[in-house]
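Peer 1: What follows is the file model_34.csv, containing CSV, C-alpha atoms:
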chain,number,residue,atom,x,y,z
A,31,MET,CA,153.5,153.7,106.2
A,32,GLU,CA,150.9,151.8,104.1
A,33,LEU,CA,152.2,149.7,101.2
A,34,PHE,CA,152.0,150.9,97.6
A,35,THR,CA,150.6,154.3,98.6
A,36,PHE,CA,152.1,157.5,97.1
A,37,PRO,CA,154.3,158.2,100.2
A,38,TRP,CA,155.5,154.6,100.0
A,39,TRP,CA,156.5,154.9,96.4
A,40,SER,CA,158.0,158.2,97.0
A,41,ALA,CA,160.1,156.9,99.9
A,42,LEU,CA,161.2,153.9,97.8
A,43,LEU,CA,162.3,156.1,94.9
A,44,THR,CA,164.3,158.2,97.4
A,45,ILE,CA,166.0,155.1,98.8
A,46,VAL,CA,166.8,153.7,95.4
A,47,LEU,CA,168.4,157.1,94.4
A,48,ILE,CA,170.5,157.0,97.6
A,49,ASP,CA,171.5,153.4,96.9
A,50,LEU,CA,172.4,154.4,93.3
A,51,VAL,CA,174.7,157.1,94.6
A,52,LEU,CA,176.5,154.8,97.1
A,53,ALA,CA,176.6,151.9,94.6
A,54,GLY,CA,179.4,153.8,92.8
A,55,ASP,CA,181.6,153.6,95.9
A,56,ASN,CA,180.7,150.0,96.5
A,57,ALA,CA,181.5,149.1,92.9
A,58,ILE,CA,184.9,150.8,93.2
A,59,VAL,CA,185.8,149.0,96.4
A,60,ILE,CA,184.6,145.6,95.1
A,61,ALA,CA,186.4,145.9,91.8
A,62,LEU,CA,189.7,147.2,93.2
A,63,ALA,CA,189.6,144.5,95.9
A,64,ALA,CA,189.2,141.8,93.3
A,65,ARG,CA,191.5,143.2,90.7
A,66,ASN,CA,194.5,140.9,91.5
A,67,LEU,CA,192.6,137.7,91.9
A,68,PRO,CA,192.8,134.9,89.3
A,69,PRO,CA,190.1,135.5,86.6
A,70,GLU,CA,188.1,132.5,87.7
A,71,HIS,CA,187.8,134.0,91.2
A,72,GLN,CA,187.0,137.6,90.2
A,73,ASN,CA,183.3,137.0,89.4
A,74,LYS,CA,183.0,135.0,92.6
A,75,ALA,CA,184.5,137.8,94.7
A,76,ILE,CA,182.2,140.4,93.0
A,77,VAL,CA,179.0,138.4,93.6
A,78,TRP,CA,179.8,137.4,97.2
A,79,GLY,CA,181.3,140.8,97.9
A,80,THR,CA,178.1,142.4,96.8
A,81,ILE,CA,175.9,140.1,98.9
A,82,ALA,CA,178.1,140.7,101.9
A,83,ALA,CA,177.9,144.5,101.3
A,84,ILE,CA,174.1,144.3,101.2
A,85,VAL,CA,174.0,142.2,104.4
A,86,VAL,CA,176.3,144.7,106.1
A,87,ARG,CA,174.3,147.6,104.9
A,88,SER,CA,170.9,146.0,106.0
A,89,THR,CA,172.3,145.2,109.4
A,90,MET,CA,173.6,148.7,109.9
A,91,THR,CA,170.3,150.2,108.9
A,92,VAL,CA,168.4,148.1,111.4
A,93,GLY,CA,170.7,149.4,114.1
A,94,VAL,CA,170.8,153.0,112.9
A,95,VAL,CA,169.0,154.3,116.1
A,96,TRP,CA,171.7,152.8,118.2
A,97,LEU,CA,174.5,154.1,115.9
A,98,LEU,CA,173.1,157.6,116.2
A,99,GLN,CA,173.7,157.5,119.9
A,100,ILE,CA,177.5,156.9,119.5
A,101,PRO,CA,179.5,160.1,119.5
A,102,GLY,CA,182.5,160.2,117.3
A,103,LEU,CA,181.3,157.3,115.0
A,104,MET,CA,181.6,159.3,111.8
A,105,PHE,CA,185.1,160.5,112.8
A,106,VAL,CA,186.4,156.9,113.4
A,107,GLY,CA,184.7,155.6,110.3
A,108,GLY,CA,186.2,158.4,108.2
A,109,LEU,CA,189.7,157.7,109.4
A,110,GLY,CA,189.2,154.0,108.8
A,111,LEU,CA,188.1,154.7,105.2
A,112,LEU,CA,191.1,156.8,104.6
A,113,TRP,CA,193.3,153.8,105.6
A,114,ILE,CA,191.3,151.6,103.2
A,115,ALA,CA,191.8,154.1,100.3
A,116,TYR,CA,195.5,154.3,101.1
A,117,LYS,CA,195.9,150.5,101.1
A,118,LEU,CA,194.2,150.2,97.7
A,119,ILE,CA,197.0,152.3,96.2
A,120,ALA,CA,199.8,151.0,98.4
A,121,ASP,CA,198.9,147.4,97.5
A,122,SER,CA,198.3,147.9,93.8
A,123,THR,CA,201.8,146.6,92.9
A,124,ASP,CA,201.8,143.3,91.0
A,125,ASP,CA,204.3,141.8,93.4
A,126,PRO,CA,202.4,139.1,95.4
A,127,ASN,CA,204.6,139.6,98.4
A,128,HIS,CA,203.3,143.2,98.8
A,129,SER,CA,199.7,143.0,97.4
A,130,VAL,CA,197.8,142.3,100.6
A,131,THR,CA,194.2,143.2,99.8
A,132,ALA,CA,193.7,141.3,96.6
A,133,THR,CA,195.8,138.1,96.4
A,134,THR,CA,193.2,135.7,97.9
A,135,PHE,CA,189.5,135.5,97.8
A,136,TRP,CA,189.1,135.9,101.5
A,137,SER,CA,191.4,138.9,101.7
A,138,ALA,CA,189.4,140.6,99.0
A,139,MET,CA,186.2,139.8,100.9
A,140,LYS,CA,187.6,141.2,104.1
A,141,THR,CA,188.5,144.5,102.3
A,142,ILE,CA,185.1,144.7,100.7
A,143,VAL,CA,183.2,144.1,103.9
A,144,VAL,CA,185.3,146.5,106.0
A,145,ALA,CA,185.3,149.3,103.5
A,146,ASP,CA,181.5,149.0,102.9
A,147,ALA,CA,180.8,149.0,106.6
A,148,LEU,CA,182.9,152.2,107.0
A,149,MET,CA,181.3,153.9,104.0
A,150,GLY,CA,177.8,152.7,105.0
A,151,ILE,CA,177.8,154.6,108.3
A,152,ASP,CA,177.1,157.9,106.6
A,153,ASN,CA,174.8,156.6,103.8
A,154,VAL,CA,172.7,154.3,106.0
A,155,LEU,CA,171.4,157.4,108.0
A,156,GLY,CA,169.9,158.8,104.8
A,157,VAL,CA,168.3,155.5,103.9
A,158,ALA,CA,166.8,155.1,107.3
A,159,GLY,CA,165.5,158.6,107.3
A,160,ALA,CA,163.9,158.2,103.9
A,161,ALA,CA,162.3,154.9,105.0
A,162,ASN,CA,160.7,156.6,108.0
A,163,GLY,CA,161.0,153.4,110.1
A,164,SER,CA,159.7,151.1,107.3
A,165,PHE,CA,162.2,148.2,107.1
A,166,ASP,CA,160.4,146.7,104.0
A,167,LEU,CA,161.4,149.9,102.1
A,168,VAL,CA,165.0,149.6,103.2
A,169,VAL,CA,165.2,145.9,102.1
A,170,MET,CA,163.5,146.6,98.7
A,171,GLY,CA,165.8,149.5,98.0
A,172,LEU,CA,168.9,147.4,98.8
A,173,LEU,CA,167.7,144.5,96.7
A,174,ILE,CA,167.1,146.8,93.7
A,175,SER,CA,170.7,148.1,94.1
A,176,ILE,CA,172.3,144.6,93.9
A,177,PRO,CA,172.4,144.2,90.1
A,178,ILE,CA,173.6,147.8,89.9
A,179,VAL,CA,176.5,147.1,92.2
A,180,VAL,CA,177.4,143.8,90.4
A,181,MET,CA,177.3,145.4,86.9
A,182,GLY,CA,179.2,148.4,88.1
A,183,SER,CA,181.9,146.3,89.7
A,184,LYS,CA,182.4,144.3,86.5
A,185,LEU,CA,182.6,147.5,84.5
A,186,VAL,CA,185.1,149.1,86.8
A,187,LEU,CA,187.2,145.9,86.9
A,188,SER,CA,187.4,145.7,83.1
A,189,LEU,CA,188.4,149.4,83.0
A,190,VAL,CA,191.1,148.9,85.7
A,191,GLU,CA,192.7,146.2,83.6
A,192,LYS,CA,193.0,148.6,80.6
A,193,TRP,CA,193.8,151.8,82.6
A,194,PRO,CA,195.5,151.2,86.0
A,195,VAL,CA,195.2,154.9,86.8
A,196,ILE,CA,191.6,154.2,87.7
A,197,ILE,CA,192.9,152.6,90.9
A,198,HIS,CA,194.1,156.0,92.0
A,199,LEU,CA,190.9,157.7,90.9
A,200,GLY,CA,189.0,155.1,92.9
A,201,ALA,CA,191.1,155.7,96.0
A,202,ALA,CA,190.5,159.5,95.5
A,203,VAL,CA,186.7,158.9,95.5
A,204,LEU,CA,187.0,156.9,98.7
A,205,ALA,CA,189.2,159.6,100.3
A,206,PHE,CA,186.5,162.2,99.3
A,207,THR,CA,183.8,160.0,101.0
A,208,ALA,CA,186.0,159.8,104.1
A,209,ALA,CA,186.4,163.5,104.2
A,210,GLN,CA,182.6,163.9,104.0
A,211,MET,CA,182.2,161.6,107.0
A,212,LEU,CA,184.7,163.6,109.0
A,213,ILE,CA,182.9,166.8,108.1
A,214,ASN,CA,179.5,165.3,109.1
A,215,GLU,CA,180.8,164.3,112.5
A,216,GLN,CA,178.6,166.1,115.1
A,217,LEU,CA,181.5,166.5,117.5
A,218,LEU,CA,183.2,168.6,114.9
A,219,ASP,CA,180.3,170.9,114.1
A,220,ALA,CA,182.1,173.9,115.6
A,221,TRP,CA,184.7,173.5,112.8
A,222,PHE,CA,182.5,172.5,109.8
A,223,ASP,CA,178.9,173.3,110.4
A,224,GLY,CA,178.2,176.8,109.3
A,225,GLU,CA,178.3,179.2,106.3
A,226,GLU,CA,181.1,181.5,107.6
A,227,TRP,CA,184.2,181.7,105.5
A,228,VAL,CA,186.2,179.8,108.1
A,229,HIS,CA,183.7,176.9,107.9
A,230,HIS,CA,184.0,176.8,104.1
A,231,LEU,CA,187.8,176.9,104.4
A,232,ALA,CA,187.9,174.1,107.0
A,233,ARG,CA,185.7,171.9,104.7
A,234,GLY,CA,187.9,172.6,101.7
A,235,ILE,CA,191.1,171.9,103.5
A,236,THR,CA,189.7,168.6,104.8
A,237,TYR,CA,188.8,167.5,101.3
A,238,ILE,CA,192.2,168.5,99.9
A,239,LEU,CA,194.2,166.9,102.7
A,240,ALA,CA,192.2,163.7,102.5
A,241,ILE,CA,192.6,163.2,98.8
A,242,THR,CA,196.2,164.5,98.4
A,243,GLY,CA,197.3,162.7,101.6
A,244,VAL,CA,195.9,159.3,100.4
A,245,LEU,CA,197.3,159.7,96.9
A,246,GLY,CA,200.7,161.0,98.0
A,247,LEU,CA,201.3,158.5,100.7
A,248,GLY,CA,199.9,155.6,98.6
A,249,LEU,CA,202.2,156.5,95.6
A,250,LEU,CA,205.2,156.9,97.9
A,251,THR,CA,204.6,153.5,99.5
A,252,GLN,CA,204.1,151.9,96.1
A,253,ARG,CA,207.3,153.3,94.7
A,254,ARG,CA,209.2,152.2,97.9
A,255,GLN,CA,207.8,148.7,97.5
A,256,GLU,CA,208.7,148.5,93.8
A,257,SER,CA,212.3,149.8,94.6
A,258,ASN,CA,212.7,147.2,97.4
A,259,HIS,CA,211.4,144.5,95.0
A,260,LYS,CA,213.9,145.5,92.4
A,261,SER,CA,216.7,145.4,94.9
A,262,GLU,CA,215.6,141.9,96.1
A,263,THR,CA,215.5,140.7,92.5
A,264,PHE,CA,218.9,142.1,91.8
A,265,TRP,CA,220.5,140.4,94.8
A,266,ALA,CA,218.6,137.2,94.3
Any chance you could give the structure as structure tokens?
Peer 2:
Amino acid sequence: MELFTFPWWSALLTIVLIDLVLAGDNAIVIALAARNLPPEHQNKAIVWGTIAAIVVRSTMTVGVVWLLQIPGLMFVGGLGLLWIAYKLIADSTDDPNHSVTATTFWSAMKTIVVADALMGIDNVLGVAGAANGSFDLVVMGLLISIPIVVMGSKLVLSLVEKWPVIIHLGAAVLAFTAAQMLINEQLLDAWFDGEEWVHHLARGITYILAITGVLGLGLLTQRRQESNHKSETFWA
């Protein structure tokens, strides 16, 4: 594809739009992972988390042809993302003994990179398809998305501090994304790929189970941790 031609600009616009859509998920993951860090480390985690996310996404896009040959990849990634969504709620307590994903800079970075890698499996296929083999388009689209992700993360972080319920909304978004990955798994096409009522029902049940399961188990774990913490405080 020749540079700066109409097809080139059209493909770049498509990639930027895809990156804008996935930037919302990235911003949520980065913000939630950094929410319990000291204020002086939050901006550092956001910036470096964004850079790490871009590197991960670029690397995955380069290897998309190889990724496409792996059966069951969407399924494994979807299950992994469900676990990340659950942990974001389960670890949202302020007790440092139970808050695993966001007490240190490196634990926050680990959460950001793992979650972005899992979410990127689905989105990177669309980016690679829009680029039509042109890696310069992929890189430019990702670079354009960097300030969007950074600004979005800071916005989400400030909102989380005012309204903690956003943590649960963010986890629900990640659970929804995980359900999409499971539904898009080629090995499960017999269940999900079709317009019959049974296919619509299967897709709907998957979305509902993913979201309610993550929220329900996360809240249950959170309350159990808070109860244990109160008991430990009482007997201390």
Peer 1: For each of A:Gly224, A:Val169, A:Ala115, A:Gly248, take the minimum atom-to-atom distance to Val86 of chain A, counting all atoms listed in the file, then give the residue where this is smallest.
Peer 2: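 Under the stated criterion, the closest residue is A:Val169.
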Peer 1: Figure out the distance between atom CA of Tyr116 of chain A and atom CA of Gln216 of chain A, please, to one decimal in Å.
Peer 2: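 Calculated distance between atom CA of Gln216 of chain A and atom CA of Tyr116 of chain A is 24.9 Å.
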Peer 1: Can you pull out the residues contacting Pro69 of chain A? Cut-off 12 Å, using only C-alpha atoms, and skip same-chain residues under 3 positions away; I want them as a ChimeraX atom specification.
Peer 2: /A:64-66,72-76,133-135,184,187-188,191
Peer 1: Write the residues you've just listed into a file as an mmCIF file, keeping the file's coordinate frame, and include C-alpha atoms for each of them.
Peer 2:
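Okay, out_2.cif is ready:
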data_model
loop_
_atom_site.group_PDB
_atom_site.id
_atom_site.type_symbol
_atom_site.label_atom_id
_atom_site.label_comp_id
_atom_site.auth_asym_id
_atom_site.auth_seq_id
_atom_site.Cartn_x
_atom_site.Cartn_y
_atom_site.Cartn_z
ATOM 1 C CA ALA A 64 189.200 141.800 93.300
ATOM 2 C CA ARG A 65 191.500 143.200 90.700
ATOM 3 C CA ASN A 66 194.500 140.900 91.500
ATOM 4 C CA GLN A 72 187.000 137.600 90.200
ATOM 5 C CA ASN A 73 183.300 137.000 89.400
ATOM 6 C CA LYS A 74 183.000 135.000 92.600
ATOM 7 C CA ALA A 75 184.500 137.800 94.700
ATOM 8 C CA ILE A 76 182.200 140.400 93.000
ATOM 9 C CA THR A 133 195.800 138.100 96.400
ATOM 10 C CA THR A 134 193.200 135.700 97.900
ATOM 11 C CA PHE A 135 189.500 135.500 97.800
ATOM 12 C CA LYS A 184 182.400 144.300 86.500
ATOM 13 C CA LEU A 187 187.200 145.900 86.900
ATOM 14 C CA SER A 188 187.400 145.700 83.100
ATOM 15 C CA GLU A 191 192.700 146.200 83.600
#
Peer 1: Counting all atoms listed in the file, which residue out of A:Leu111, A:Leu42, A:Val228, A:Met104 sits closest to Ala208 of chain A?
Peer 2: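 Distance minimum relative to Ala208 of chain A lands on A:Leu111.
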Peer 1: Would you list the residues near (192.9, 146.8, 88.0) (no more than 10 Å away, in the coordinates of the file, using all atoms listed in the file) as an MDAnalysis selection string?
Peer 2: chainID A and resid 61:67 122 186:197
Peer 1: Just the number, please: distance in Å from atom CA of Ala205 of chain A to atom CA of Arg87 of chain A, one decimal.
Peer 2: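 For atom CA of Ala205 of chain A relative to atom CA of Arg87 of chain A, the distance reads 19.7 Å.
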Peer 1: For Met139 of chain A, which residue out of A:Thr236, A:Thr80, A:Thr91, A:Asn214 is the nearest one, using only C-alpha atoms?
Peer 2: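 Looking only at the distances to Met139 of chain A, the closest residue turns out to be A:Thr80.
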